[in-house]
Amino acid sequence: MNVTGIIAEYNPFHKGHQYQISYVKNKLKADYIVVVMSGDFVQRGTPALLPKHLRAEMALRGGADLVLELPVQSSSSSAEFFAEGAVSLLEGIGTVTDLCFGSEEGQTEGMLNAARILNEEPETYREYLRQSLKAGFSFPAARNQALLQYASNASLSVSGKEISRLLSSPNNILGIEYCRVLLKKHSSIKPVTLKRKGAGYHEKELTSHQAPSASAIRAFLEKSPDCSALKEWLPEGSLSLLQNAAAADSFLTEKDLDLLLHYRLLTLTAEQMMEFHDISSDLAQRVCRQLNKYQGFSQFSDLLKTKEITRARIQRGLLHLLLGVRTPAREVPFAHVLGFRREASPLLKEIKKRGTIPLLTKLASASDHLSSEALAFLDVNTRASNIYESMLCKKERRAFVHEYQKPVVILDRRTC
C-alpha cells in the first residue's frame, strides 16, 4: 500500500494545493493521501480563516482521502515544533510511505544535508550560533547565519551559496525541519518535495494565470465578501464552500482576537505570562510596559516587535497566552479524524491494525482510549477549538456547538 502524507494548513484550500494532490496521485502513484492539517489555529499565531471541519471538507473534495488534525500545541508553534508534531502523527498511524511537501528548492538533497548539520550541531557551527546570538540576532536568524557560515567554511557537499538559497524562503525552511525529524527518528518515510509554483508564500496580491498564495486569498476576503471573483484561484469545491461561509460571515480574522486577548492580558502578571509557550521574560515585561497602548491583536504585535523578537514569535506567544498553551508538542499522542472519503475505509482499518497511537473518530469517547497524559493534551486542544467556536458562533448569531459534538466529515463519491 502506497500512502503519501501531506502536512498543510489549507487556509484556505486553493489550486496550488490541488496541484500538489494531483502530483501525488499521478506521479507518486499514491493509493491513498493522508493530510495532517492544522486545526483551528495556524502557525503564524492566528485563527484559521475557516473552521477545521470545513477546511477538511475542502481537502476531501480536492482529492485527499483522510484528514487528521494537527493539534494547537503543534499547529501554532515555530517550524521546528510544527514539523515534529506533524511528522510524529504520520509516523504514529503506521501506514505512510512518503511525505510530499512543497518548496522553492524542488529537490531534497540540499535540505537533507542542511538537516544533518542542524541535527549533529558540530562544535564550529555551535560557536557561530553563539556569536550570532550575542550579536543580537533572533534565534531563527542566528541559526540561519551560523549554518551559512559553517557551510561556507567547511568542506561539505553543500555550499554556502546553496545554504543561502535554501534559507531564503519559509517553505524551504519548513522542508528542512521535516527532513530533520525524519532523520532523527530514523524514519522509513521518504521525503519528496514538489517545486512550488506561482505566488510567493507571503504575497498579498492575486495575479492571473498564477497559483495564488493563501495570504492573498485571505487579504482579498477581508476587503470583499464577493468570492465569485476568486474562481480562477480556487477549485470548484473550495469556492462553493467559501462562498457559503462568506455569505454567512462564517470566518475569522486576527481582528476577532482583539477583545478576548485584551481581557486575557489584563488578568496576568509578567511572571504568569512567562508560564506560556513562546513568552520569554523580556517579552512578558514588554507586554506589561506597553499594555496601556493596546488597540488590537495586530497593532499590539507590531508594537512589541523588536530586532530580537520577530512578529511571528510575538503573535504565537500572544495566542498561547489566550489559549492556555504552556508547552509545545514534540509528539502527538493520538490521531483525531476530521474527515475521510468513504472509499478510504480500508486505509482506516489498516491504521487501526498498524498504528501505534489511537485513532479517534468520536472525541466524547476519548477517555476509553487515551492515557491521562494524552487526555490532558486533548483538553488543551479542545479548549482552543471551543474558543474558536465561541468567536465564530457570535459572528454567525447561532448557538454554540461543543467540540465533542462536531461530527466527522464523510464524503461519498457522488459528493466529491
# chains A, B, ... in the order shown; residues from 1 in each chain; ligands from 1
call {"tool": "select_by_dssp", "arguments": {"residues": "stretch 119-243 of chain A", "states": "alpha helix (DSSP H)", "output": "PyMOL selection string"}}
result
chain A and resi 119-120+123-134+139-153+160-166+170-184+214-223+236-243
call {"tool": "select_by_dssp", "arguments": {"residues": "stretch 134-206 of chain A", "states": "strand (DSSP E)", "output": "MDAnalysis selection string"}}
result
chainID A and resid 190:195
call {"tool": "write_last_selection", "arguments": {"atoms": "C-alpha atoms", "output": "PDB file, in the first residue's frame"}}
result
ATOM      1  CA  LYS A 190      10.688   9.050   2.265  1.00  0.00           C
ATOM      2  CA  PRO A 191      10.731  12.860   1.860  1.00  0.00           C
ATOM      3  CA  VAL A 192       9.632  14.071  -1.581  1.00  0.00           C
ATOM      4  CA  THR A 193       9.484  17.752  -2.480  1.00  0.00           C
ATOM      5  CA  LEU A 194       7.482  19.388  -5.214  1.00  0.00           C
ATOM      6  CA  LYS A 195       8.794  22.669  -6.619  1.00  0.00           C
TER       7      LYS A 195
END
call {"tool": "closest_residue", "arguments": {"among": "A:Val87, A:Leu411, A:Leu378, A:Leu28", "to": "A:Ser188", "atoms": "only C-alpha atoms"}}
result
A:Val87
call {"tool": "residues_around", "arguments": {"residues": "A:Tyr294", "least_positions_apart": "2", "cutoff": "10 Å", "atoms": "only C-alpha atoms", "output": "JSON, numbers by chain"}}
result
{"A": [258, 261, 262, 265, 287, 290, 291, 292, 296, 297, 298, 299, 300, 301, 303]}
call {"tool": "write_last_selection", "arguments": {"atoms": "N, CA and C atoms", "output": "PDB file, in the first residue's frame"}}
result
ATOM      1  N   ASP A 258      -9.213  40.564  19.145  1.00  0.00           N
ATOM      2  CA  ASP A 258      -8.877  41.821  19.813  1.00  0.00           C
ATOM      3  C   ASP A 258      -9.377  41.912  21.252  1.00  0.00           C
ATOM      4  N   LEU A 261      -8.217  38.866  23.710  1.00  0.00           N
ATOM      5  CA  LEU A 261      -6.809  38.954  24.103  1.00  0.00           C
ATOM      6  C   LEU A 261      -6.588  40.081  25.103  1.00  0.00           C
ATOM      7  N   HIS A 262      -7.228  41.216  24.881  1.00  0.00           N
ATOM      8  CA  HIS A 262      -7.048  42.343  25.811  1.00  0.00           C
ATOM      9  C   HIS A 262      -7.495  41.952  27.220  1.00  0.00           C
ATOM     10  N   LEU A 265      -4.858  39.593  28.750  1.00  0.00           N
ATOM     11  CA  LEU A 265      -3.628  40.260  29.158  1.00  0.00           C
ATOM     12  C   LEU A 265      -3.816  41.059  30.444  1.00  0.00           C
ATOM     13  N   VAL A 287       5.281  43.333  27.206  1.00  0.00           N
ATOM     14  CA  VAL A 287       3.812  43.332  27.152  1.00  0.00           C
ATOM     15  C   VAL A 287       3.247  44.214  28.262  1.00  0.00           C
ATOM     16  N   GLN A 290       3.786  47.996  27.702  1.00  0.00           N
ATOM     17  CA  GLN A 290       3.074  48.589  26.574  1.00  0.00           C
ATOM     18  C   GLN A 290       1.559  48.370  26.625  1.00  0.00           C
ATOM     19  N   LEU A 291       1.068  47.717  27.675  1.00  0.00           N
ATOM     20  CA  LEU A 291      -0.327  47.278  27.691  1.00  0.00           C
ATOM     21  C   LEU A 291      -1.324  48.440  27.573  1.00  0.00           C
ATOM     22  N   ASN A 292      -0.980  49.598  28.119  1.00  0.00           N
ATOM     23  CA  ASN A 292      -1.894  50.745  28.032  1.00  0.00           C
ATOM     24  C   ASN A 292      -2.067  51.250  26.598  1.00  0.00           C
ATOM     25  N   GLY A 296      -5.408  46.458  19.565  1.00  0.00           N
ATOM     26  CA  GLY A 296      -5.868  45.234  18.922  1.00  0.00           C
ATOM     27  C   GLY A 296      -4.712  44.266  18.743  1.00  0.00           C
ATOM     28  N   PHE A 297      -5.022  43.054  18.370  1.00  0.00           N
ATOM     29  CA  PHE A 297      -4.019  41.993  18.242  1.00  0.00           C
ATOM     30  C   PHE A 297      -2.901  42.377  17.272  1.00  0.00           C
ATOM     31  N   SER A 298      -3.263  42.780  16.061  1.00  0.00           N
ATOM     32  CA  SER A 298      -2.256  43.101  15.043  1.00  0.00           C
ATOM     33  C   SER A 298      -1.436  44.327  15.428  1.00  0.00           C
ATOM     34  N   GLN A 299      -2.132  45.381  15.881  1.00  0.00           N
ATOM     35  CA  GLN A 299      -1.431  46.607  16.284  1.00  0.00           C
ATOM     36  C   GLN A 299      -0.470  46.341  17.430  1.00  0.00           C
ATOM     37  N   PHE A 300      -0.896  45.532  18.409  1.00  0.00           N
ATOM     38  CA  PHE A 300      -0.056  45.261  19.574  1.00  0.00           C
ATOM     39  C   PHE A 300       1.144  44.405  19.189  1.00  0.00           C
ATOM     40  N   SER A 301       0.951  43.462  18.258  1.00  0.00           N
ATOM     41  CA  SER A 301       2.067  42.635  17.783  1.00  0.00           C
ATOM     42  C   SER A 301       3.130  43.507  17.122  1.00  0.00           C
ATOM     43  N   LEU A 303       3.628  46.656  17.751  1.00  0.00           N
ATOM     44  CA  LEU A 303       4.206  47.496  18.798  1.00  0.00           C
ATOM     45  C   LEU A 303       5.282  46.750  19.583  1.00  0.00           C
TER      46      LEU A 303
END
call {"tool": "atom_distance", "arguments": {"atom1": "atom CA of A:Ala59", "atom2": "atom CA of A:Val380"}}
result
25.0 Å
call {"tool": "residues_around", "arguments": {"residues": "stretch 383-390 of chain A", "least_positions_apart": "2", "cutoff": "12 Å", "atoms": "only C-alpha atoms", "output": "number ranges by chain"}}
result
A: 38-42, 46-53, 69-73, 75-76, 250-254, 256-257, 260-261, 319-325, 376-381, 392-406
call {"tool": "closest_atom_pairs", "arguments": {"of": "stretch 7-38 of chain A", "to": "stretch 90-109 of chain A", "cutoff": "10 Å", "atoms": "only C-alpha atoms", "output": "tab-separated table"}}
result
residue	atom	partner	partner_atom	distance
A:Ile7	CA	A:Phe101	CA	7.1
A:Ala8	CA	A:Phe101	CA	8.6
A:Gly16	CA	A:Gly102	CA	9.6
A:His17	CA	A:Gly102	CA	9.2
A:Gln20	CA	A:Gly102	CA	7.7
A:Ile21	CA	A:Cys100	CA	9.3
A:Tyr23	CA	A:Cys100	CA	9.4
A:Val24	CA	A:Cys100	CA	7.5
A:Leu28	CA	A:Asp98	CA	8.8
A:Ala30	CA	A:Asp98	CA	8.9
A:Tyr32	CA	A:Val96	CA	9.1
A:Ile33	CA	A:Val96	CA	8.9
A:Val34	CA	A:Val96	CA	7.9
A:Val35	CA	A:Leu90	CA	8.9
A:Val36	CA	A:Leu90	CA	7.5
call {"tool": "write_last_selection", "arguments": {"atoms": "C-alpha atoms", "output": "compact mmCIF listing (two decimals), in the first residue's frame"}}
result
# COMPACT_ATOMS: atom_id res chain seq x y z
CA ILE A 7 1.24 18.42 6.03
CA ALA A 8 -0.81 21.54 5.43
CA GLY A 16 -1.81 25.28 -5.68
CA HIS A 17 -2.86 22.66 -3.12
CA GLN A 20 0.14 19.02 -5.17
CA ILE A 21 -2.58 16.41 -4.66
CA TYR A 23 1.09 15.30 -8.40
CA VAL A 24 0.89 12.81 -5.54
CA LEU A 28 3.89 9.27 -6.93
CA ALA A 30 -0.30 7.01 -4.16
CA TYR A 32 -4.18 6.98 -0.51
CA ILE A 33 -3.39 10.54 0.55
CA VAL A 34 -3.35 11.36 4.27
CA VAL A 35 -3.37 15.05 5.18
CA VAL A 36 -2.23 16.26 8.59
call {"tool": "atom_distance", "arguments": {"atom1": "atom CA of A:Leu174", "atom2": "atom CA of A:Trp233"}}
result
23.9 Å
call {"tool": "residues_around", "arguments": {"residues": "A:Asn11", "least_positions_apart": "2", "cutoff": "6 Å", "atoms": "only C-alpha atoms", "output": "list of chain:residue names"}}
result
A:Glu9, A:Phe13, A:Ala214
call {"tool": "residues_around", "arguments": {"residues": "A:Glu275", "least_positions_apart": "5", "cutoff": "12 Å", "atoms": "only C-alpha atoms", "output": "list in words"}}
result
Leu268, Thr269, Ala270, Ser280, Ser281, Leu283, Ala284, Gly317, His320, Leu321, Gly324, Val325, Arg326 and Thr327 of chain A
call {"tool": "residues_around", "arguments": {"residues": "A:Leu60", "least_positions_apart": "6", "cutoff": "8 Å", "atoms": "only C-alpha atoms", "output": "MDAnalysis selection string"}}
result
chainID A and resid 66:67 339:341 411 416
call {"tool": "write_last_selection", "arguments": {"atoms": "N, CA, C and O atoms", "output": "PDB file, in the first residue's frame"}}
result
ATOM      1  N   LEU A  66      -7.996  11.104   3.648  1.00  0.00           N
ATOM      2  CA  LEU A  66      -8.146  11.145   5.101  1.00  0.00           C
ATOM      3  C   LEU A  66      -7.513  12.429   5.602  1.00  0.00           C
ATOM      4  O   LEU A  66      -6.404  12.781   5.197  1.00  0.00           O
ATOM      5  N   VAL A  67      -8.225  13.152   6.478  1.00  0.00           N
ATOM      6  CA  VAL A  67      -7.686  14.382   7.061  1.00  0.00           C
ATOM      7  C   VAL A  67      -7.635  14.223   8.571  1.00  0.00           C
ATOM      8  O   VAL A  67      -8.657  13.973   9.219  1.00  0.00           O
ATOM      9  N   GLY A 339     -12.035  14.119   8.851  1.00  0.00           N
ATOM     10  CA  GLY A 339     -12.872  13.678   7.749  1.00  0.00           C
ATOM     11  C   GLY A 339     -12.182  12.630   6.902  1.00  0.00           C
ATOM     12  O   GLY A 339     -10.954  12.478   6.949  1.00  0.00           O
ATOM     13  N   PHE A 340     -12.971  11.891   6.129  1.00  0.00           N
ATOM     14  CA  PHE A 340     -12.409  10.895   5.213  1.00  0.00           C
ATOM     15  C   PHE A 340     -13.396  10.605   4.099  1.00  0.00           C
ATOM     16  O   PHE A 340     -14.604  10.858   4.216  1.00  0.00           O
ATOM     17  N   ARG A 341     -12.884  10.081   3.006  1.00  0.00           N
ATOM     18  CA  ARG A 341     -13.727   9.580   1.919  1.00  0.00           C
ATOM     19  C   ARG A 341     -14.177   8.172   2.271  1.00  0.00           C
ATOM     20  O   ARG A 341     -13.382   7.373   2.778  1.00  0.00           O
ATOM     21  N   LEU A 411     -17.260  11.907   3.021  1.00  0.00           N
ATOM     22  CA  LEU A 411     -17.665  12.181   1.650  1.00  0.00           C
ATOM     23  C   LEU A 411     -17.822  10.909   0.854  1.00  0.00           C
ATOM     24  O   LEU A 411     -16.969  10.013   0.919  1.00  0.00           O
ATOM     25  N   CYS A 416     -18.060  14.289  -4.079  1.00  0.00           N
ATOM     26  CA  CYS A 416     -16.778  14.890  -4.452  1.00  0.00           C
ATOM     27  C   CYS A 416     -16.851  15.573  -5.815  1.00  0.00           C
ATOM     28  O   CYS A 416     -17.564  15.127  -6.688  1.00  0.00           O
TER      29      CYS A 416
END
